[in-house]
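Presented below is the structure to which this report refers.
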Amino acid sequence: MSADKADKHKKQYKTADSISKDDECCFLFRSVFEQSSDSVIITDLKNNVLFFNPAAVQMFGMESEQLARQNINALAFGRKIISKEAHSSLIKGDFPEGIKAENLYMTRDGFFWGHTAISLISEYKDSEPRILFVIRDITTEKNLREELLTSREQLQNMLDFVNSMVVVTNGTEIRNCNKNLLNFFSYENINSFKEKNSCICDTFIPLAGYLTETRRGHWLKKVLRNKASSGDTKVAIKDPATGAIRFFMVDIQPFPGEKYYYIVSFTDITELENQKKLLENTNISLEEKINRRSRELFESYRKLAANEEMLSVIFNMASIGIAMVDDKGRYVRVNSRFCEIYRLKEHNVINSDFGEVLHETLRDDMHRLFMKYRDGHIKRIASEWKIKRVDSTQVDILMTTKWVTMYDGKRYLISTHLDITDKNRLQQKQREQERMLVQQSKMAAMGEMIGAIAHQWKQPLNAIALIAQCFKDDYDYKELTLDAVNEHVNGILKQVSFMAATIDDFRNFFKPARTMQAFEISSAVSDIVNLMLPQLKVNYIAVYVDNSATNTYGSEVYGYPNEFKQVILNLIANSKDAIAERRAAKTLKNSEAGIISIKIESTEKQVRIIFSDNGGGIPDEVMNRLFEPYFTTKGSGSGIGLYMCRTIIEGKMKGKISVINSGKGAEFTILLEKLIEGSV
């Protein structure tokens with residue numbers, strides 16, 4: 001400490017000397033105050049520092065003037081040294097023996113832990129009371145306590161890790177034990193155990209051939225003597241859970257740091273003892289037992305080897321590629337099918353990176369994808385891939401992946417790879433065939449439409465012919481006036497307009513919709529019925545459309561209106577043919593009308609169309625095959641009409657179509673959702 005600092009300290013000490021210099025007591029107090037290794041600080045009742053000793057200056061690393069300006073609570077880190085409530089109670093005299101606490105203090109260079117003793121200095125003469133703070137640096141002591149606590153926790157963890165029952169004892173009392181011992185005796189903690197058994201020897205059962213010394217202290221000496229002479233110590237203890245006697249091998253080791261305490265372990269050897277007694281009772285030699293056990297082990301090993309070989313054969317004979325990748329993205333095992341799919345040799349794949357089986361243009365992206373999947377940034381990998389192989393050929397792969405933790409604790413990615421290139425080609429071919437079926441269905445529907453147009457045009461063509469005849473008659477009889485000409489021309493134009501509208505309906509019907517759109521089921525049904533009505537009337541068939549059940553929620557759906565009209569057209573055409581066949585078979589009288597009934601119902605979410613006729617129904621034996629392509633019950637039928645109905649309703653519009661026999665004919669039910677997922 002410099003001379004200037006020493007002068008400052010002396011001034012401060014003189015302030016302390018001013019407390020009293022009248023007697024020897026004050027001199028002794030001053031000596032203790034100045035020479036104490038603990039910090040001694042005296043504050044006023046507001047905790048402002050008044051006096052302090054040199055140890056306080058050194059402990060807090062402050063100049064004397066700086067320390068003299070402090071409030072005692074400002075020296076602590078975090079919470080106050082003395083709370084407002086404790087401060088009030090101390091002044092009132094509620095703590096005649098003072099207050100003790102441990103606080104974390106700040107210094108110029110860091111922190112230290114201090115044990116703080118706080119007491120009230122009562123009034124002396126005319127001066128007001130003061131508060132005395134004595135602070136002792138306990139940082140080293142606290143660190144040692146924490147290290148001791150950590151060591152005890154580690155020791156407890158080590159004890160609990162041991163499979164045997166373990167106690168720490170001096171032979172008369174138990175200091176500690178592990179969980180296995182508490183579990184065996186069905187106690188929650190060591191205190192509960194010690195309430196019933198102050199010494200572990202209280203649980204011993206004296207039996208011949210086992211430890212019979214159960215006196216406290218003496219049993220431990222017996223164990224130590226046996227260990228010194230390389231002898232074994234075995235003890236019998238009753239199992240509280242079953243009531244059976246169990247046998248334990250006792251081992252003993254000195255407890256580190258404690259002269260008279262030992263770590264005693266009890267290893268359960270009941271099964272070994274029982275086997276030993278069994279061998280003795282049945283005179284089975286140890287050699288024979290070892291041989292039998294060896295045979296069992298050999299048989300187990302043989303079976304294990306056979307299972308391993310079988311699994312290896314299955315692994316390599318699997319029709320799908322299987323690969324195992326470690327968490328660093330390296331292949332550790334692949335089967336032969338995997339190598340065939342990617343056209344690589346197994347030795348070129350093992351230990352290579354996850355993306356090395358692919359073309360070089362894909363490897364970096366595939367490696368980044370693997371790392372994101374491994375680290376959990378993505379939850380799943382897509383199942384279908386179009387992959388470019390190392391040799392630049394392409395293959396379609398169906399892949400499944402799953403992370404698996406093996407017995408060694410390491411994570412591996414197990415993936416299966418199925419070549420679906422041929423399947424995709426077949427599906428593409430099937431889609432092309434379906435497009436051909438759609439075209440055939442369109443052609444069949446076109447035939448129905450042309451027939452309908454022919455019936456639609458008969459009446460206007462007859463009307464035009466009559467008007468032409470009227471032109472000639474008016475001319476012959478000198479009645480062809482301008483008004484007559486205009487009347488005849490307007491009549492012809494009206495009929496031509498009707499015929500043109502019919503052609504427009506025909507053209508619109510065959511114009512496919514590329515996207516789903518909103519349309520009214522009732523309007524679509526009416527359009528087809530009106531178009532087919534003349535042809536149906538010629539065949540003496542009545543059509544009844546009932547859409548009264550759609551007044552509340554309407555009949556608007558999202559879908560393909562022209563394709564839906566094709567479904568209604570097919571059903572009407574089938575009903576017309578069925579009614580005609582009944583008339584030909586004389587099961588429906590010529591005087592009896594054919595009936596087609598179309599009922600439209602709706603709810604908040606669905607529209608239902610119930611289509612029925614009196615055409616005689618469908619034979620039960622063919623009901624299950626009715627919607628198959630090229631299957632027909634009519635001699636001249638193509639067998640694609642109802643197949644296309646199902647394709648349009650269920651495939652394109654995500655609805656349902658079904659059929660039953662009801663009454664005198666068939667009843668088709670079409671169910672459509674008002675809003676199909678993905679339609680808007």
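Numbering starts fresh at 1 for the residues of each chain in the structure tokens, the chains themselves are lettered A, B, ... in the order given, and ligands are numbered from 1 as they appear.
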
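Shell of A:Ile205 at 12 Å, with only C-alpha atoms counted and residues fewer than 5 places along the chain excluded, is A:Ile200, A:Tyr210, A:Leu211, A:Thr212, A:Glu213, A:Thr214, A:Arg215, A:Lys234, A:Val235, A:Ala236, A:Ile237, A:Lys238, A:Asp239, A:Ala244, A:Ile245, A:Arg246, A:Phe247, A:Phe248.
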
Would you save the residues of that selection, restricted to all heavy atoms, as a short mmCIF file (atom, residue, chain, number, x, y, z; two decimals), in the first residue's frame?
```cif
data_model
loop_
_atom_site.label_atom_id
_atom_site.label_comp_id
_atom_site.auth_asym_id
_atom_site.auth_seq_id
_atom_site.Cartn_x
_atom_site.Cartn_y
_atom_site.Cartn_z
N ILE A 200 -27.67 -52.78 8.95
CA ILE A 200 -28.01 -53.76 7.92
C ILE A 200 -28.02 -55.17 8.48
O ILE A 200 -28.75 -56.05 7.99
CB ILE A 200 -27.04 -53.65 6.72
CG1 ILE A 200 -27.52 -54.52 5.55
CG2 ILE A 200 -25.63 -54.03 7.14
CD1 ILE A 200 -28.82 -54.07 4.97
N TYR A 210 -23.72 -69.88 6.07
CA TYR A 210 -23.80 -68.45 5.76
C TYR A 210 -23.41 -67.66 7.01
O TYR A 210 -23.20 -68.23 8.09
CB TYR A 210 -25.21 -68.08 5.31
CG TYR A 210 -25.63 -68.81 4.05
CD1 TYR A 210 -26.31 -70.03 4.14
CD2 TYR A 210 -25.30 -68.31 2.80
CE1 TYR A 210 -26.66 -70.72 3.00
CE2 TYR A 210 -25.66 -68.99 1.65
CZ TYR A 210 -26.33 -70.21 1.75
OH TYR A 210 -26.67 -70.88 0.62
N LEU A 211 -23.30 -66.35 6.91
CA LEU A 211 -22.88 -65.51 8.02
C LEU A 211 -23.91 -65.61 9.15
O LEU A 211 -25.08 -65.28 8.96
CB LEU A 211 -22.74 -64.05 7.56
CG LEU A 211 -22.25 -63.07 8.61
CD1 LEU A 211 -20.81 -63.41 9.04
CD2 LEU A 211 -22.30 -61.64 8.06
N THR A 212 -23.42 -66.07 10.32
CA THR A 212 -24.32 -66.23 11.46
C THR A 212 -24.13 -65.13 12.50
O THR A 212 -24.90 -65.04 13.45
CB THR A 212 -24.10 -67.60 12.13
OG1 THR A 212 -22.72 -67.71 12.51
CG2 THR A 212 -24.44 -68.73 11.17
N GLU A 213 -23.08 -64.33 12.35
CA GLU A 213 -22.81 -63.23 13.28
C GLU A 213 -23.70 -62.05 12.91
O GLU A 213 -23.56 -61.45 11.85
CB GLU A 213 -21.34 -62.81 13.21
CG GLU A 213 -20.96 -61.70 14.17
CD GLU A 213 -21.22 -62.07 15.61
OE1 GLU A 213 -20.41 -62.84 16.18
OE2 GLU A 213 -22.24 -61.60 16.16
N THR A 214 -24.66 -61.73 13.77
CA THR A 214 -25.60 -60.65 13.50
C THR A 214 -25.47 -59.50 14.49
O THR A 214 -26.28 -58.57 14.46
CB THR A 214 -27.05 -61.18 13.52
OG1 THR A 214 -27.33 -61.73 14.82
CG2 THR A 214 -27.26 -62.24 12.46
N ARG A 215 -24.45 -59.56 15.38
CA ARG A 215 -24.27 -58.47 16.34
C ARG A 215 -23.64 -57.27 15.63
O ARG A 215 -22.78 -57.42 14.75
CB ARG A 215 -23.38 -58.92 17.50
CG ARG A 215 -24.02 -59.96 18.40
CD ARG A 215 -23.05 -60.38 19.48
NE ARG A 215 -21.86 -61.03 18.91
CZ ARG A 215 -20.78 -61.33 19.61
NH1 ARG A 215 -20.74 -61.06 20.91
NH2 ARG A 215 -19.76 -61.90 19.01
N LYS A 234 -21.03 -65.14 2.68
CA LYS A 234 -22.37 -65.18 2.12
C LYS A 234 -23.38 -64.99 3.25
O LYS A 234 -23.14 -65.44 4.38
CB LYS A 234 -22.63 -66.50 1.40
CG LYS A 234 -21.75 -66.68 0.16
CD LYS A 234 -22.04 -67.97 -0.58
CE LYS A 234 -21.48 -69.16 0.18
NZ LYS A 234 -21.61 -70.42 -0.59
N VAL A 235 -24.47 -64.32 2.94
CA VAL A 235 -25.46 -64.01 3.96
C VAL A 235 -26.85 -64.32 3.41
O VAL A 235 -27.10 -64.23 2.20
CB VAL A 235 -25.36 -62.52 4.39
CG1 VAL A 235 -25.71 -61.60 3.23
CG2 VAL A 235 -26.25 -62.23 5.58
N ALA A 236 -27.76 -64.70 4.30
CA ALA A 236 -29.15 -64.98 3.93
C ALA A 236 -30.03 -63.84 4.42
O ALA A 236 -29.92 -63.41 5.57
CB ALA A 236 -29.60 -66.31 4.54
N ILE A 237 -30.91 -63.36 3.52
CA ILE A 237 -31.83 -62.26 3.85
C ILE A 237 -33.21 -62.62 3.33
O ILE A 237 -33.35 -63.14 2.21
CB ILE A 237 -31.36 -60.93 3.23
CG1 ILE A 237 -29.98 -60.55 3.75
CG2 ILE A 237 -32.35 -59.81 3.52
CD1 ILE A 237 -29.40 -59.28 3.13
N LYS A 238 -34.23 -62.34 4.11
CA LYS A 238 -35.60 -62.63 3.72
C LYS A 238 -36.12 -61.55 2.77
O LYS A 238 -35.97 -60.36 3.02
CB LYS A 238 -36.50 -62.71 4.96
CG LYS A 238 -37.94 -63.14 4.65
CD LYS A 238 -38.74 -63.27 5.94
CE LYS A 238 -40.17 -63.73 5.66
NZ LYS A 238 -40.94 -63.84 6.91
N ASP A 239 -36.71 -61.99 1.64
CA ASP A 239 -37.29 -61.07 0.67
C ASP A 239 -38.65 -60.60 1.19
O ASP A 239 -39.58 -61.41 1.31
CB ASP A 239 -37.46 -61.77 -0.68
CG ASP A 239 -37.90 -60.81 -1.77
OD1 ASP A 239 -38.35 -59.69 -1.45
OD2 ASP A 239 -37.82 -61.17 -2.96
N ALA A 244 -39.61 -65.28 0.57
CA ALA A 244 -38.61 -66.31 0.32
C ALA A 244 -37.24 -65.85 0.84
O ALA A 244 -36.98 -64.66 0.98
CB ALA A 244 -38.53 -66.61 -1.18
N ILE A 245 -36.38 -66.83 1.14
CA ILE A 245 -35.03 -66.54 1.59
C ILE A 245 -34.14 -66.40 0.35
O ILE A 245 -34.11 -67.28 -0.51
CB ILE A 245 -34.48 -67.65 2.50
CG1 ILE A 245 -35.40 -67.85 3.71
CG2 ILE A 245 -33.06 -67.31 2.96
CD1 ILE A 245 -35.53 -66.63 4.60
N ARG A 246 -33.41 -65.29 0.27
CA ARG A 246 -32.48 -65.07 -0.84
C ARG A 246 -31.07 -64.99 -0.27
O ARG A 246 -30.85 -64.60 0.88
CB ARG A 246 -32.82 -63.81 -1.62
CG ARG A 246 -34.24 -63.82 -2.18
CD ARG A 246 -34.42 -62.78 -3.27
NE ARG A 246 -33.67 -63.10 -4.47
CZ ARG A 246 -34.08 -63.94 -5.41
NH1 ARG A 246 -35.26 -64.57 -5.28
NH2 ARG A 246 -33.35 -64.16 -6.48
N PHE A 247 -30.11 -65.37 -1.12
CA PHE A 247 -28.73 -65.48 -0.69
C PHE A 247 -27.87 -64.45 -1.42
O PHE A 247 -28.07 -64.21 -2.62
CB PHE A 247 -28.21 -66.90 -0.93
CG PHE A 247 -29.07 -67.95 -0.31
CD1 PHE A 247 -29.96 -68.71 -1.07
CD2 PHE A 247 -29.02 -68.18 1.06
CE1 PHE A 247 -30.76 -69.66 -0.51
CE2 PHE A 247 -29.82 -69.15 1.64
CZ PHE A 247 -30.70 -69.88 0.87
N PHE A 248 -26.92 -63.85 -0.70
CA PHE A 248 -26.11 -62.78 -1.26
C PHE A 248 -24.64 -63.02 -0.96
O PHE A 248 -24.27 -63.48 0.13
CB PHE A 248 -26.52 -61.42 -0.67
CG PHE A 248 -27.94 -61.03 -0.99
CD1 PHE A 248 -28.99 -61.46 -0.20
CD2 PHE A 248 -28.21 -60.23 -2.09
CE1 PHE A 248 -30.30 -61.11 -0.49
CE2 PHE A 248 -29.51 -59.87 -2.39
CZ PHE A 248 -30.56 -60.30 -1.59
#
```

How would you write, as a list in words, the set of residues in stretch 197-238 of chain A that DSSP gives as strand (DSSP E)?
Phe204, Ile205, Thr233, Lys234, Val235, Ala236, Ile237 and Lys238 of chain A

Those selected residues, please, written with all heavy atoms and delivered as a short mmCIF file (atom, residue, chain, number, x, y, z; two decimals), in the first residue's frame.
```
data_model
loop_
_atom_site.label_atom_id
_atom_site.label_comp_id
_atom_site.auth_asym_id
_atom_site.auth_seq_id
_atom_site.Cartn_x
_atom_site.Cartn_y
_atom_site.Cartn_z
N PHE A 204 -30.21 -59.81 8.61
CA PHE A 204 -29.56 -61.10 8.36
C PHE A 204 -30.35 -62.22 9.04
O PHE A 204 -30.92 -62.06 10.12
CB PHE A 204 -28.13 -61.11 8.88
CG PHE A 204 -27.22 -60.13 8.20
CD1 PHE A 204 -25.97 -59.84 8.73
CD2 PHE A 204 -27.61 -59.49 7.03
CE1 PHE A 204 -25.12 -58.94 8.12
CE2 PHE A 204 -26.76 -58.59 6.41
CZ PHE A 204 -25.52 -58.30 6.96
N ILE A 205 -30.38 -63.37 8.36
CA ILE A 205 -30.98 -64.59 8.93
C ILE A 205 -29.85 -65.61 9.10
O ILE A 205 -29.23 -66.02 8.11
CB ILE A 205 -32.08 -65.15 8.01
CG1 ILE A 205 -33.22 -64.13 7.89
CG2 ILE A 205 -32.59 -66.49 8.53
CD1 ILE A 205 -34.32 -64.55 6.95
N THR A 233 -17.76 -64.48 1.93
CA THR A 233 -18.79 -64.28 2.95
C THR A 233 -20.14 -64.23 2.26
O THR A 233 -20.36 -63.42 1.35
CB THR A 233 -18.57 -62.97 3.73
OG1 THR A 233 -17.28 -63.00 4.33
CG2 THR A 233 -19.64 -62.81 4.79
N LYS A 234 -21.03 -65.14 2.68
CA LYS A 234 -22.37 -65.18 2.12
C LYS A 234 -23.38 -64.99 3.25
O LYS A 234 -23.14 -65.44 4.38
CB LYS A 234 -22.63 -66.50 1.40
CG LYS A 234 -21.75 -66.68 0.16
CD LYS A 234 -22.04 -67.97 -0.58
CE LYS A 234 -21.48 -69.16 0.18
NZ LYS A 234 -21.61 -70.42 -0.59
N VAL A 235 -24.47 -64.32 2.94
CA VAL A 235 -25.46 -64.01 3.96
C VAL A 235 -26.85 -64.32 3.41
O VAL A 235 -27.10 -64.23 2.20
CB VAL A 235 -25.36 -62.52 4.39
CG1 VAL A 235 -25.71 -61.60 3.23
CG2 VAL A 235 -26.25 -62.23 5.58
N ALA A 236 -27.76 -64.70 4.30
CA ALA A 236 -29.15 -64.98 3.93
C ALA A 236 -30.03 -63.84 4.42
O ALA A 236 -29.92 -63.41 5.57
CB ALA A 236 -29.60 -66.31 4.54
N ILE A 237 -30.91 -63.36 3.52
CA ILE A 237 -31.83 -62.26 3.85
C ILE A 237 -33.21 -62.62 3.33
O ILE A 237 -33.35 -63.14 2.21
CB ILE A 237 -31.36 -60.93 3.23
CG1 ILE A 237 -29.98 -60.55 3.75
CG2 ILE A 237 -32.35 -59.81 3.52
CD1 ILE A 237 -29.40 -59.28 3.13
N LYS A 238 -34.23 -62.34 4.11
CA LYS A 238 -35.60 -62.63 3.72
C LYS A 238 -36.12 -61.55 2.77
O LYS A 238 -35.97 -60.36 3.02
CB LYS A 238 -36.50 -62.71 4.96
CG LYS A 238 -37.94 -63.14 4.65
CD LYS A 238 -38.74 -63.27 5.94
CE LYS A 238 -40.17 -63.73 5.66
NZ LYS A 238 -40.94 -63.84 6.91
#
```

Quick one: of A:Phe184, A:Phe338, A:Tyr261, A:Tyr412, who's nearest to A:Ile322, counting only C-alpha atoms?
A:Phe338

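One finds atom CA of A:Glu346 at 12.1 Å from atom CA of A:Gly321.
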
Atom CA of A:Phe668 and atom CA of A:Phe611, how far apart in Å?
5.0 Å

How close does each residue of stretch 131-227 of chain A get to stretch 95-117 of chain A, giving the shortest atom pair and distance in Å to one decimal for every residue with an atom at most 8 Å away, counting only C-alpha atoms, sorted by chain and residue number, as a tab-separated table?
```
residue	atom	partner	partner_atom	distance
A:Leu132	CA	A:Ala117	CA	7.9
A:Phe133	CA	A:Ala117	CA	5.8
A:Val134	CA	A:Ala117	CA	5.1
A:Ile135	CA	A:Thr116	CA	4.6
A:Arg136	CA	A:His115	CA	5.1
A:Asp137	CA	A:Gly114	CA	4.5
A:Ile138	CA	A:Gly114	CA	5.2
A:Thr139	CA	A:Trp113	CA	4.7
A:Lys142	CA	A:Trp113	CA	7.5
```

What gap, in Å, lies between atom CA of A:Asp527 and atom CA of A:Ala584?
29.2 Å

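Proximity to A:Ile609 at 7 Å, evaluated using only C-alpha atoms and with sequence-adjacent residues fewer than 5 positions away removed, yields Ile598, Lys599, Ile600, Glu601, Thr669, Ile670 and Leu671 of chain A.
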
Tell me, which residues of stretch 308-451 of chain A carry DSSP alpha helix (DSSP H), written as a PyMOL selection string?
chain A and resi 308-317+336-342+346-349+363-374+421-451

Taking 4 positions as the minimum chain separation for residues in the same chain, which residues sit within 8 Å of stretch 35-44 of chain A when counting only C-alpha atoms? Answer as an NGL selection string.
:A and (31 or 48-56 or 59 or 72 or 129-137)

Export N, CA and C atoms of the chosen residues as a CSV table (one decimal), in the first residue's frame?
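After the write, again.csv holds the following:
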```
chain,number,residue,atom,x,y,z
A,31,SER,N,-7.8,-2.4,18.6
A,31,SER,CA,-6.8,-3.4,18.1
A,31,SER,C,-7.6,-4.6,17.3
A,48,ASN,N,-25.8,3.3,5.6
A,48,ASN,CA,-24.7,4.0,5.0
A,48,ASN,C,-23.5,3.7,5.9
A,49,VAL,N,-22.3,3.5,5.2
A,49,VAL,CA,-21.1,3.1,5.8
A,49,VAL,C,-20.5,4.2,6.6
A,50,LEU,N,-20.2,4.0,7.9
A,50,LEU,CA,-19.6,5.0,8.8
A,50,LEU,C,-18.1,4.7,9.1
A,51,PHE,N,-17.9,3.4,9.5
A,51,PHE,CA,-16.6,3.0,9.9
A,51,PHE,C,-16.3,1.6,9.3
A,52,PHE,N,-15.0,1.4,9.0
A,52,PHE,CA,-14.6,0.1,8.5
A,52,PHE,C,-13.1,-0.1,8.8
A,53,ASN,N,-12.7,-1.4,8.8
A,53,ASN,CA,-11.3,-1.7,9.1
A,53,ASN,C,-10.5,-2.0,7.9
A,54,PRO,N,-9.2,-2.1,8.0
A,54,PRO,CA,-8.4,-2.3,6.7
A,54,PRO,C,-8.8,-3.6,6.0
A,55,ALA,N,-9.2,-4.6,6.7
A,55,ALA,CA,-9.6,-5.8,6.0
A,55,ALA,C,-10.7,-5.6,5.0
A,56,ALA,N,-11.6,-4.6,5.4
A,56,ALA,CA,-12.8,-4.3,4.5
A,56,ALA,C,-12.2,-3.7,3.2
A,59,MET,N,-10.6,-6.4,1.2
A,59,MET,CA,-11.5,-7.5,0.8
A,59,MET,C,-12.4,-7.0,-0.4
A,72,ILE,N,-24.3,-0.2,2.4
A,72,ILE,CA,-23.8,-1.5,2.6
A,72,ILE,C,-24.5,-2.5,1.6
A,129,PRO,N,-28.2,4.5,17.6
A,129,PRO,CA,-27.7,3.1,17.4
A,129,PRO,C,-27.0,3.0,16.1
A,130,ARG,N,-26.2,2.0,16.0
A,130,ARG,CA,-25.4,1.6,14.8
A,130,ARG,C,-25.7,0.1,14.5
A,131,ILE,N,-25.3,-0.2,13.2
A,131,ILE,CA,-25.5,-1.6,12.8
A,131,ILE,C,-24.1,-2.1,12.5
A,132,LEU,N,-23.7,-3.3,13.1
A,132,LEU,CA,-22.4,-3.9,12.9
A,132,LEU,C,-22.5,-5.0,11.9
A,133,PHE,N,-21.6,-5.0,10.8
A,133,PHE,CA,-21.6,-6.0,9.8
A,133,PHE,C,-20.2,-6.6,9.9
A,134,VAL,N,-20.1,-8.0,10.2
A,134,VAL,CA,-18.8,-8.7,10.2
A,134,VAL,C,-18.9,-9.7,9.0
A,135,ILE,N,-18.0,-9.5,8.0
A,135,ILE,CA,-18.1,-10.3,6.8
A,135,ILE,C,-16.8,-11.1,6.7
A,136,ARG,N,-17.0,-12.4,6.6
A,136,ARG,CA,-15.9,-13.4,6.4
A,136,ARG,C,-15.9,-14.0,5.0
A,137,ASP,N,-14.8,-14.0,4.3
A,137,ASP,CA,-14.7,-14.6,3.0
A,137,ASP,C,-14.8,-16.1,3.1
```
